[in-house]
Amino acid sequence: LFYKKGVFMKVKNKSLLTYLSIFFLVLSILSGCSLIPSSKKTTPEDFDAFTEELFRNELSQNTLNLHYTLAYPKNYGIEDYDVSLGSFEMSDIYDYSELEELEKTLKDFSYDDLTDEQQLTYDILNDYIETENTVKDLPLYGELLNPLTGYQSQLPVLLAEYTFRTKEDIENYLTLTASIEESFHSIIEYEKARSEAGLFMPDYAAEAIIEQCSTFIEDPENNYMIEVFNDKIDAFSGLSDTERNDYKERNHTIITTNIVNAYRSLIDSLTELKGSGVNEGGLCNFKDGKRYYEYLVKNATGSSKSIKNLQKMTERYIDNCINEMISIAALNPNVLDDIATYSFDLTEPNDILEDLISKISIDFPEPPKVNYTVKYVHESMEESLSPAFYLTPPIDDPSQNVIYINNGSVSDDLYTTLAHEGYPGHLYQTVYTNSSDLPLIRNLFSSPGYTEGWATYVEYYAFGISGLEKNLAQTLSLNGSASLGLYAYVDMAVNYDGWDRTDVEEFFAGYGIEDKEATDFIYEAMVEDPANYLSYFIGYLEILELKDKAQKTLGDKFVLKDFHDFFLTIGPAPFSIIEKEMNIWMDTILK
């Protein structure tokens with residue numbers, strides 16, 4: 001009962017519990033290829049050739065994706081490609097011919113003739129195709145813009161962190177940055193089409209994006225992208241003074257003209273489109289909104305469960321957390337005071353990460369040795385980015401890793417935040433999985449339920465190794481996961497069941513949260529970015545289910561470190577496929 005008085009809940013005014021892990025910006029991860037169209041070449045060797053060519057073709061479509069995936073594309077046979085941010089043209093958005101060709105080509109292969117590793121890749125590709133086919137008739141339901149994870153907020157960070165290894169990288173960067181106007185024009189046309197179809201965003205979402213864009217370009221001469229670029233050019237060896245000055249001048253012109261014009265045009269267009277949205281609530285209020293939300297949930301979570309089953313699963317978990325916290329507090333009344341006043345011993349990011357690295361060796365396999373850098377979000381972007389995020393390194397150069405901390409919204413829980421983003425979270429997961437030598441094509445599958453579920457799983461694990469008193473650590477872990485569960489439940493209720501602001505307000509009041517400003521913010525966050533919270537929470541619950549099944553099946557042969565090794569080695573995939581692979585893994589142990 002005391003939980004309902006709000007003792008354990010922490011509602012964050014801005015970013016709630018979202019942590020942004022940036023992987024790719026494209027709407028879909030594959031655009032298809034025609035390597036083996038309708039051929040009868042179905043040997044395992046042909047399958048490898050097919051997936052490798054698919055990998056090369058896909059990355060060639062988007063230079064930003066290519067750069068963040070491969071440090072040295074030429075080593076992978078990618079040499080002749082147009083420098084581009086990819087296409088957002090309406091004709092491409094409506095074109096599913098490449099998906100159909102991919103499906104046809106995949107079916108040419110005999111599943112039984114493939115190796116076990118190839119069958120796993122086949123399963124992942126097939127699941128992707130089946131999922132995309134469910135919304136082929138809903139091309140305008142996708143949203144490229146939203147205040148937290150939208151194209152306009154992620155793009156500056158990805159460009160600012162664009163690594164210069166060669167002069168060609170510098171030239172590509174300048175070409176990409178100059179092309180933002182063209183990309184934004186296509187996005188604006190897409191938003192106009194959404195508006196005409198009655199699918200445009202609510203005014204409050206448009207206003208938030210407009211404010212974000214206005215802040216970003218309000219002082220062009222001091223835009224952080226200029227400072228960051230200049231620092232990288234100064235650090236780049238082998239350039240003459242003339243070349244350095246030329247690069248800096250070109251970048252300065254692009255930032256103060258092209259980028260300013262691009263963001264200004266987006267501001268003007270969104271301002272004109274304001275008022276054209278017919279739905280201020282969740283996706284289910286649109287004609288095919290429920291079906292599209294089911295698609296988003298499957299993509300976000302990797303779970304094959306129905307929305308109703310996910311809701312029941314979430315309710316049970318929240319109730320169990322509350323009951324456990326009540327039991328802990330009944331035996332340890334001091335925990336009620338401690339939860340409001342606790343602090344971690346370590347507060348410096350590098351100290352925290354080194355502490356985590358030293359402590360996780362008991363339950364997690366040793367990671368490859370890599371470097372990492374902690375950076376801070378520029379103040380001009382603090383309002384629009386998450387409390388922290390990790391930028392994935394190229395698969396052929398995993399040694400350099402970057403974690404960003406947002407001083408504008410990061411909470412006092414920096415220890416567990418860095419566990420989520422660093423060790424044993426995103427950074428650890430990325431370098432460990434990459435070291436398992438996945439087939440190239442599988443590096444393009446960014447499964448949020450797998451990656452964010454893992455990072456959430458280890459975030460709550462980290463309370464137990466943080467040095468906090470045992471009961472306090474357990475209570476904080478339960479409180480954090482239950483809080484995230486509440487957000488996930490509201491996400492589903494708003495977007496699938498049609499809850500309005502009053503419903504959300506009454507729901508949180510039942511848990512002692514009676515701050516209308518906070519509940520309104522939560523409501524709007526669910527409308528603006530449907531299924532975002534589910535990638536964290538449902539992914540987390542799916543991992544717990546896998547672990548529970550492994551423990552029950554293996555009994556005294558279960559080793560937590562081995563389970564973690566299995567999960568990380570598989571790589572991103574839907575959980576039904578991971579469970580299938582886990583059954584094989586367990587059978588091997590039990591023999």
# chains A, B, ... in the order shown; residues from 1 in each chain; ligands from 1

$ select_by_dssp --residues "stretch 281-476 of chain A" --states "alpha helix (DSSP H)" --output "ChimeraX atom specification"
/A:289-301,307-331,335-341,349-359,414-421,426-434,448-462,470-476

$ residues_around --residues "A:Glu294" --least-positions-apart "5" --cutoff "12 Å" --atoms "only C-alpha atoms" --output "PyMOL selection string"
chain A and resi 131-132+134-135+283-284+288-289+299-308+310+492+495-497+530-531+534

$ residues_around --residues "A:Ile578" --least-positions-apart "5" --cutoff "12 Å" --atoms "only C-alpha atoms" --output "list in words"
Leu120, Thr121, Asp123, Ile124, Gly302, Ser303, Ser304, Ser447, Gly449, Tyr450, Glu542, Ile543, Glu545, Leu546, Lys547, Phe563, Phe566, Phe567, Leu568, Thr569, Ile570, Gly571, Pro572, Ala573, Asn583, Ile584 and Trp585 of chain A

$ atom_distance --atom1 "atom CA of A:Met201" --atom2 "atom CA of A:Pro448"
23.3 Å

$ select_by_dssp --residues "stretch 207-442 of chain A" --states "strand (DSSP E or B)" --output "PyMOL selection string"
chain A and resi 371-376+388-391+400-405

$ write_last_selection --atoms "N, CA and C atoms" --output "PDB file, in the first residue's frame"
ATOM      1  N   ASN A 371      38.866   0.734 -26.286  1.00  0.00           N
ATOM      2  CA  ASN A 371      38.923   2.047 -25.657  1.00  0.00           C
ATOM      3  C   ASN A 371      37.534   2.681 -25.653  1.00  0.00           C
ATOM      4  N   TYR A 372      37.334   3.575 -24.724  1.00  0.00           N
ATOM      5  CA  TYR A 372      36.066   4.310 -24.710  1.00  0.00           C
ATOM      6  C   TYR A 372      36.339   5.747 -24.290  1.00  0.00           C
ATOM      7  N   THR A 373      35.451   6.623 -24.725  1.00  0.00           N
ATOM      8  CA  THR A 373      35.525   8.036 -24.378  1.00  0.00           C
ATOM      9  C   THR A 373      34.153   8.482 -23.897  1.00  0.00           C
ATOM     10  N   VAL A 374      34.130   9.209 -22.810  1.00  0.00           N
ATOM     11  CA  VAL A 374      32.877   9.788 -22.304  1.00  0.00           C
ATOM     12  C   VAL A 374      32.815  11.242 -22.738  1.00  0.00           C
ATOM     13  N   LYS A 375      31.743  11.605 -23.417  1.00  0.00           N
ATOM     14  CA  LYS A 375      31.541  12.980 -23.857  1.00  0.00           C
ATOM     15  C   LYS A 375      30.220  13.509 -23.308  1.00  0.00           C
ATOM     16  N   TYR A 376      30.038  14.810 -23.450  1.00  0.00           N
ATOM     17  CA  TYR A 376      28.812  15.429 -22.939  1.00  0.00           C
ATOM     18  C   TYR A 376      28.047  16.097 -24.073  1.00  0.00           C
ATOM     19  N   ALA A 388      21.439   9.744 -21.657  1.00  0.00           N
ATOM     20  CA  ALA A 388      22.728   9.189 -22.065  1.00  0.00           C
ATOM     21  C   ALA A 388      22.509   8.319 -23.287  1.00  0.00           C
ATOM     22  N   PHE A 389      23.542   8.137 -24.100  1.00  0.00           N
ATOM     23  CA  PHE A 389      23.452   7.213 -25.220  1.00  0.00           C
ATOM     24  C   PHE A 389      24.848   6.793 -25.651  1.00  0.00           C
ATOM     25  N   TYR A 390      24.885   5.681 -26.368  1.00  0.00           N
ATOM     26  CA  TYR A 390      26.133   5.081 -26.825  1.00  0.00           C
ATOM     27  C   TYR A 390      26.130   5.022 -28.346  1.00  0.00           C
ATOM     28  N   LEU A 391      27.245   5.375 -28.949  1.00  0.00           N
ATOM     29  CA  LEU A 391      27.389   5.312 -30.397  1.00  0.00           C
ATOM     30  C   LEU A 391      28.167   4.056 -30.771  1.00  0.00           C
ATOM     31  N   GLN A 400      37.336   1.964 -30.754  1.00  0.00           N
ATOM     32  CA  GLN A 400      36.988   3.298 -30.261  1.00  0.00           C
ATOM     33  C   GLN A 400      35.485   3.386 -30.011  1.00  0.00           C
ATOM     34  N   ASN A 401      35.113   3.690 -28.770  1.00  0.00           N
ATOM     35  CA  ASN A 401      33.705   3.738 -28.384  1.00  0.00           C
ATOM     36  C   ASN A 401      33.402   5.049 -27.675  1.00  0.00           C
ATOM     37  N   VAL A 402      32.207   5.580 -27.902  1.00  0.00           N
ATOM     38  CA  VAL A 402      31.826   6.864 -27.330  1.00  0.00           C
ATOM     39  C   VAL A 402      30.510   6.736 -26.578  1.00  0.00           C
ATOM     40  N   ILE A 403      30.503   7.207 -25.345  1.00  0.00           N
ATOM     41  CA  ILE A 403      29.283   7.307 -24.542  1.00  0.00           C
ATOM     42  C   ILE A 403      29.018   8.786 -24.285  1.00  0.00           C
ATOM     43  N   TYR A 404      27.808   9.217 -24.571  1.00  0.00           N
ATOM     44  CA  TYR A 404      27.419  10.597 -24.323  1.00  0.00           C
ATOM     45  C   TYR A 404      26.584  10.679 -23.047  1.00  0.00           C
ATOM     46  N   ILE A 405      26.860  11.705 -22.259  1.00  0.00           N
ATOM     47  CA  ILE A 405      26.054  11.998 -21.072  1.00  0.00           C
ATOM     48  C   ILE A 405      25.401  13.363 -21.274  1.00  0.00           C
TER      49      ILE A 405
END

$ atom_distance --atom1 "atom CA of A:Thr166" --atom2 "atom CA of A:Leu239"
10.6 Å

$ residues_around --residues "A:Ala525" --least-positions-apart "5" --cutoff "9 Å" --atoms "only C-alpha atoms" --output "PDB file with all heavy atoms, in the first residue's frame"
ATOM      1  N   SER A  15      12.958  13.235 -19.630  1.00  0.00           N
ATOM      2  CA  SER A  15      13.247  12.063 -20.435  1.00  0.00           C
ATOM      3  C   SER A  15      12.723  10.757 -19.856  1.00  0.00           C
ATOM      4  O   SER A  15      12.904   9.707 -20.453  1.00  0.00           O
ATOM      5  CB  SER A  15      14.767  11.952 -20.657  1.00  0.00           C
ATOM      6  OG  SER A  15      15.241  13.084 -21.330  1.00  0.00           O
ATOM      7  N   PRO A 147      10.089  14.390 -31.145  1.00  0.00           N
ATOM      8  CA  PRO A 147      11.006  15.221 -30.359  1.00  0.00           C
ATOM      9  C   PRO A 147      12.240  14.503 -29.818  1.00  0.00           C
ATOM     10  O   PRO A 147      13.310  15.102 -29.757  1.00  0.00           O
ATOM     11  CB  PRO A 147      10.113  15.732 -29.212  1.00  0.00           C
ATOM     12  CG  PRO A 147       8.740  15.730 -29.784  1.00  0.00           C
ATOM     13  CD  PRO A 147       8.688  14.515 -30.674  1.00  0.00           C
ATOM     14  N   LEU A 148      12.124  13.235 -29.439  1.00  0.00           N
ATOM     15  CA  LEU A 148      13.243  12.574 -28.769  1.00  0.00           C
ATOM     16  C   LEU A 148      14.135  11.783 -29.708  1.00  0.00           C
ATOM     17  O   LEU A 148      15.354  11.943 -29.716  1.00  0.00           O
ATOM     18  CB  LEU A 148      12.723  11.661 -27.662  1.00  0.00           C
ATOM     19  CG  LEU A 148      13.801  10.988 -26.812  1.00  0.00           C
ATOM     20  CD1 LEU A 148      14.654  12.022 -26.091  1.00  0.00           C
ATOM     21  CD2 LEU A 148      13.176  10.031 -25.807  1.00  0.00           C
ATOM     22  N   ALA A 205       3.298  17.922 -30.521  1.00  0.00           N
ATOM     23  CA  ALA A 205       4.514  17.290 -31.032  1.00  0.00           C
ATOM     24  C   ALA A 205       5.209  18.216 -32.030  1.00  0.00           C
ATOM     25  O   ALA A 205       6.434  18.387 -31.997  1.00  0.00           O
ATOM     26  CB  ALA A 205       4.181  15.955 -31.691  1.00  0.00           C
ATOM     27  N   ASP A 491       1.955   3.050 -22.499  1.00  0.00           N
ATOM     28  CA  ASP A 491       2.223   3.071 -23.940  1.00  0.00           C
ATOM     29  C   ASP A 491       1.193   2.211 -24.671  1.00  0.00           C
ATOM     30  O   ASP A 491       0.578   2.641 -25.663  1.00  0.00           O
ATOM     31  CB  ASP A 491       3.637   2.552 -24.202  1.00  0.00           C
ATOM     32  CG  ASP A 491       4.116   2.767 -25.630  1.00  0.00           C
ATOM     33  OD1 ASP A 491       3.327   2.533 -26.564  1.00  0.00           O
ATOM     34  OD2 ASP A 491       5.281   3.166 -25.805  1.00  0.00           O
ATOM     35  N   ASP A 520       0.786  14.399 -18.044  1.00  0.00           N
ATOM     36  CA  ASP A 520       0.562  14.926 -19.393  1.00  0.00           C
ATOM     37  C   ASP A 520       1.797  14.707 -20.259  1.00  0.00           C
ATOM     38  O   ASP A 520       1.698  14.356 -21.440  1.00  0.00           O
ATOM     39  CB  ASP A 520       0.225  16.424 -19.352  1.00  0.00           C
ATOM     40  CG  ASP A 520      -1.244  16.694 -19.066  1.00  0.00           C
ATOM     41  OD1 ASP A 520      -2.045  15.733 -19.119  1.00  0.00           O
ATOM     42  OD2 ASP A 520      -1.590  17.855 -18.788  1.00  0.00           O
ATOM     43  N   PRO A 530       5.382   5.958 -30.283  1.00  0.00           N
ATOM     44  CA  PRO A 530       4.721   4.714 -29.881  1.00  0.00           C
ATOM     45  C   PRO A 530       5.674   3.526 -29.849  1.00  0.00           C
ATOM     46  O   PRO A 530       6.524   3.376 -30.734  1.00  0.00           O
ATOM     47  CB  PRO A 530       3.644   4.516 -30.960  1.00  0.00           C
ATOM     48  CG  PRO A 530       3.503   5.826 -31.642  1.00  0.00           C
ATOM     49  CD  PRO A 530       4.803   6.516 -31.521  1.00  0.00           C
TER      50      PRO A 530
END

$ closest_residue --among "A:Asp396, A:Asp92, A:Asp319, A:Asp345" --to "A:Pro73" --atoms "only C-alpha atoms"
A:Asp396

$ closest_residue --among "A:Pro44, A:Pro439, A:Gly539, A:Pro349" --to "A:Leu114" --atoms "only C-alpha atoms"
A:Pro44

$ atom_distance --atom1 "atom CA of A:Arg264" --atom2 "atom CA of A:Asn532"
27.5 Å

$ closest_residue --among "A:Ile188, A:Ile129, A:Ala482, A:Ile209" --to "A:Asn323" --atoms "only C-alpha atoms"
A:Ala482

$ residues_around --residues "A:Lys192" --least-positions-apart "3" --cutoff "12 Å" --atoms "only C-alpha atoms" --output "ChimeraX atom specification"
/A:90,140,143,185-189,195-201,266,269-274,276-277
